[in-house]
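Here is the file structure_20.cif (mmCIF, C-alpha atoms, pLDDT in the B column; chains and numbers go by the auth columns).
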data_coords
#
loop_
_atom_site.group_PDB
_atom_site.id
_atom_site.type_symbol
_atom_site.label_atom_id
_atom_site.label_comp_id
_atom_site.label_asym_id
_atom_site.label_seq_id
_atom_site.Cartn_x
_atom_site.Cartn_y
_atom_site.Cartn_z
_atom_site.B_iso_or_equiv
_atom_site.auth_seq_id
_atom_site.auth_asym_id
ATOM 1 C CA MET A 1 150.932 209.402 54.191 68.00 1 C
ATOM 2 C CA HIS A 2 148.434 212.232 54.333 70.00 2 C
ATOM 3 C CA GLU A 3 147.806 213.131 57.994 70.00 3 C
ATOM 4 C CA PRO A 4 149.336 209.878 59.307 68.00 4 C
ATOM 5 C CA PHE A 5 147.132 209.271 62.326 65.00 5 C
ATOM 6 C CA VAL A 6 143.865 209.111 60.419 67.00 6 C
ATOM 7 C CA PRO A 7 142.285 205.653 60.897 69.00 7 C
ATOM 8 C CA GLY A 8 142.312 203.415 57.849 75.00 8 C
ATOM 9 C CA PRO A 9 145.126 202.827 55.354 78.00 9 C
ATOM 10 C CA THR A 10 147.543 205.357 56.860 74.00 10 C
ATOM 11 C CA LEU A 11 147.292 204.026 60.396 73.00 11 C
ATOM 12 C CA THR A 12 147.500 200.450 59.073 78.00 12 C
ATOM 13 C CA ALA A 13 150.713 201.309 57.208 79.00 13 C
ATOM 14 C CA LEU A 14 152.207 202.656 60.450 77.00 14 C
ATOM 15 C CA VAL A 15 151.396 199.428 62.266 78.00 15 C
ATOM 16 C CA VAL A 16 152.509 197.094 59.454 82.00 16 C
ATOM 17 C CA ARG A 17 155.420 199.357 58.466 77.00 17 C
ATOM 18 C CA PRO A 18 156.104 198.035 54.956 76.00 18 C
ATOM 19 C CA GLY A 19 159.072 200.392 54.458 84.00 19 C
ATOM 20 C CA PRO A 20 160.245 203.924 55.223 89.00 20 C
ATOM 21 C CA LEU A 21 157.305 206.184 55.978 88.00 21 C
ATOM 22 C CA VAL A 22 156.828 209.868 55.126 90.00 22 C
ATOM 23 C CA GLY A 23 153.950 211.738 56.737 88.00 23 C
ATOM 24 C CA THR A 24 152.524 214.998 55.420 88.00 24 C
ATOM 25 C CA PHE A 25 150.794 217.484 57.684 88.00 25 C
ATOM 26 C CA HIS A 26 148.297 219.983 56.289 87.00 26 C
ATOM 27 C CA ARG A 27 146.394 221.212 59.346 84.00 27 C
ATOM 28 C CA ALA A 28 147.193 224.727 60.556 87.00 28 C
ATOM 29 C CA GLY A 29 145.702 226.410 63.597 86.00 29 C
ATOM 30 C CA VAL A 30 143.918 225.075 66.637 80.00 30 C
ATOM 31 C CA SER A 31 142.445 221.610 66.249 73.00 31 C
ATOM 32 C CA GLY A 32 140.188 219.842 68.709 76.00 32 C
ATOM 33 C CA TRP A 33 140.904 216.580 66.907 73.00 33 C
ATOM 34 C CA TYR A 34 144.646 216.944 67.460 72.00 34 C
ATOM 35 C CA GLN A 35 143.984 217.359 71.184 74.00 35 C
ATOM 36 C CA LEU A 36 141.429 214.556 71.393 76.00 36 C
ATOM 37 C CA LEU A 37 143.555 212.054 69.487 72.00 37 C
ATOM 38 C CA ARG A 38 146.892 213.184 70.948 74.00 38 C
ATOM 39 C CA PRO A 39 148.024 209.803 72.449 74.00 39 C
ATOM 40 C CA LEU A 40 147.365 207.879 69.221 71.00 40 C
ATOM 41 C CA SER A 41 148.631 210.740 67.092 75.00 41 C
ATOM 42 C CA ARG A 42 151.870 211.114 69.030 78.00 42 C
ATOM 43 C CA TRP A 43 152.564 207.377 68.693 77.00 43 C
ATOM 44 C CA SER A 44 151.974 207.499 64.944 78.00 44 C
ATOM 45 C CA VAL A 45 154.068 210.636 64.400 83.00 45 C
ATOM 46 C CA ASP A 46 156.937 209.077 66.356 84.00 46 C
ATOM 47 C CA HIS A 47 156.934 206.114 63.934 83.00 47 C
ATOM 48 C CA LEU A 48 157.459 208.241 60.822 89.00 48 C
ATOM 49 C CA ASP A 49 160.867 208.339 59.164 92.00 49 C
ATOM 50 C CA VAL A 50 160.247 211.820 57.714 94.00 50 C
ATOM 51 C CA ARG A 51 157.742 214.497 58.743 95.00 51 C
ATOM 52 C CA VAL A 52 156.711 217.025 56.113 95.00 52 C
ATOM 53 C CA ALA A 53 154.395 220.027 56.426 94.00 53 C
ATOM 54 C CA VAL A 54 152.897 222.013 53.563 91.00 54 C
ATOM 55 C CA SER A 55 153.452 225.401 55.216 91.00 55 C
ATOM 56 C CA GLU A 56 155.205 227.035 58.141 94.00 56 C
ATOM 57 C CA ALA A 57 151.809 227.307 59.866 93.00 57 C
ATOM 58 C CA ALA A 58 151.146 223.572 59.422 92.00 58 C
ATOM 59 C CA ALA A 59 154.641 222.771 60.749 94.00 59 C
ATOM 60 C CA ALA A 60 154.063 224.982 63.790 94.00 60 C
ATOM 61 C CA THR A 61 150.713 223.303 64.484 90.00 61 C
ATOM 62 C CA ALA A 62 152.229 219.814 64.222 90.00 62 C
ATOM 63 C CA ARG A 63 155.248 220.771 66.366 90.00 63 C
ATOM 64 C CA ALA A 64 152.985 222.186 69.073 88.00 64 C
ATOM 65 C CA ALA A 65 150.726 219.126 69.075 86.00 65 C
ATOM 66 C CA PHE A 66 153.252 216.309 68.602 86.00 66 C
ATOM 67 C CA GLY A 67 156.787 217.675 68.948 87.00 67 C
ATOM 68 C CA GLY A 68 159.538 216.697 66.529 89.00 68 C
ATOM 69 C CA ASP A 69 161.068 218.237 63.442 93.00 69 C
ATOM 70 C CA TYR A 70 159.170 219.011 60.230 95.00 70 C
ATOM 71 C CA THR A 71 160.486 219.873 56.793 96.00 71 C
ATOM 72 C CA VAL A 72 158.355 222.415 54.938 96.00 72 C
ATOM 73 C CA LEU A 73 157.660 221.413 51.341 91.00 73 C
ATOM 74 C CA TRP A 74 155.162 223.702 49.672 78.00 74 C
ATOM 75 C CA ASN A 75 152.256 222.308 47.684 73.00 75 C
ATOM 76 C CA GLY A 76 153.387 221.842 44.087 75.00 76 C
ATOM 77 C CA ILE A 77 151.019 224.281 42.399 76.00 77 C
ATOM 78 C CA ASP A 78 152.163 226.982 40.003 75.00 78 C
ATOM 79 C CA VAL A 79 149.990 229.825 41.309 73.00 79 C
ATOM 80 C CA GLU A 80 151.053 232.200 38.520 81.00 80 C
ATOM 81 C CA GLN A 81 149.701 229.767 35.914 82.00 81 C
ATOM 82 C CA PHE A 82 146.219 229.945 37.417 82.00 82 C
ATOM 83 C CA ALA A 83 146.201 233.581 38.564 79.00 83 C
ATOM 84 C CA GLY A 84 144.057 234.759 35.637 77.00 84 C
ATOM 85 C CA VAL A 85 141.553 231.898 35.727 68.00 85 C
#
Can you give me the file's structure in the form of structure tokens?
Amino acid sequence: MHEPFVPGPTLTALVVRPGPLVGTFHRAGVSGWYQLLRPLSRWSVDHLDVRVAVSEAAAATARAAFGGDYTVLWNGIDVEQFAGV
């Protein structure tokens, strides 16, 4: 799930819990939304089976806001392939 506490399909999946859930975190840096939605966000993050961040900065932001452990898995883009474009 992309940013698991966003209302809509991702939040619904957390409530219904159809199977193991993996959440990906992309946000890095200070976020007013993370602070504003902290109670709901913390609940949703706690219900994930696996927490993944796309960078060390995104993992640090998520850890600071919600606690927990995050595995860093980089975005799957071959930068060298597009360097000359």
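Minimum distance to Val54 of chain C across C:Gly84, C:Gly67, C:His2, C:Thr10 (counting all atoms listed in the file) occurs at C:His2.
The two atoms in question, atom CA of Val72 of chain C and atom CA of Val52 of chain C, are spaced 5.8 Å apart.
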### Message
Which residues, named as in the file, does the PyMOL selection byres ((chain C and resi 23) around 8) pick out? Answer as a VMD selection string.
### Response
chain C and resid 1 to 4 21 to 22 24 to 25 45 48 50 to 52
### Query
What residues have an atom no more than 10 Å from (144.8, 224.0, 57.1) in the file's own frame, counting all atoms listed in the file, and can you write them as a ChimeraX atom specification?
/C:25-31,54-55,57-58,61
### Message
Rounded to one decimal, what separation in Å do you get between atom CA of Glu56 of chain C and atom CA of Pro18 of chain C?
### Response
29.2 Å
### Nearest to Phe66 of chain C, chosen from C:Leu40, C:Gln81, C:Gly8, C:Ala13, with all atoms listed in the file counted in the distances
C:Leu40
### Query
Could you work out how far atom CA of Asp49 of chain C lies from atom CA of Ala65 of chain C, giving the answer in Å with one decimal?
17.8 Å
Taking all atoms of segment 40-47 of chain C that the file lists, what box with edges along x, y and z, padded by 5 Å per side, do you get, with centre and edge lengths in Å to one decimal, as lines of an AutoDock Vina configuration file?
center_x = 152.2
center_y = 208.6
center_z = 66.6
size_x = 19.6
size_y = 15.0
size_z = 15.3
### Picked residues, the PyMOL selection byres ((chain C and resi 42) around 10), expected as a list in words
Phe5, Tyr34, Leu37, Arg38, Pro39, Leu40, Ser41, Trp43, Ser44, Val45, Asp46, His47, Ala62, Ala65, Phe66, Gly67 and Gly68 of chain C
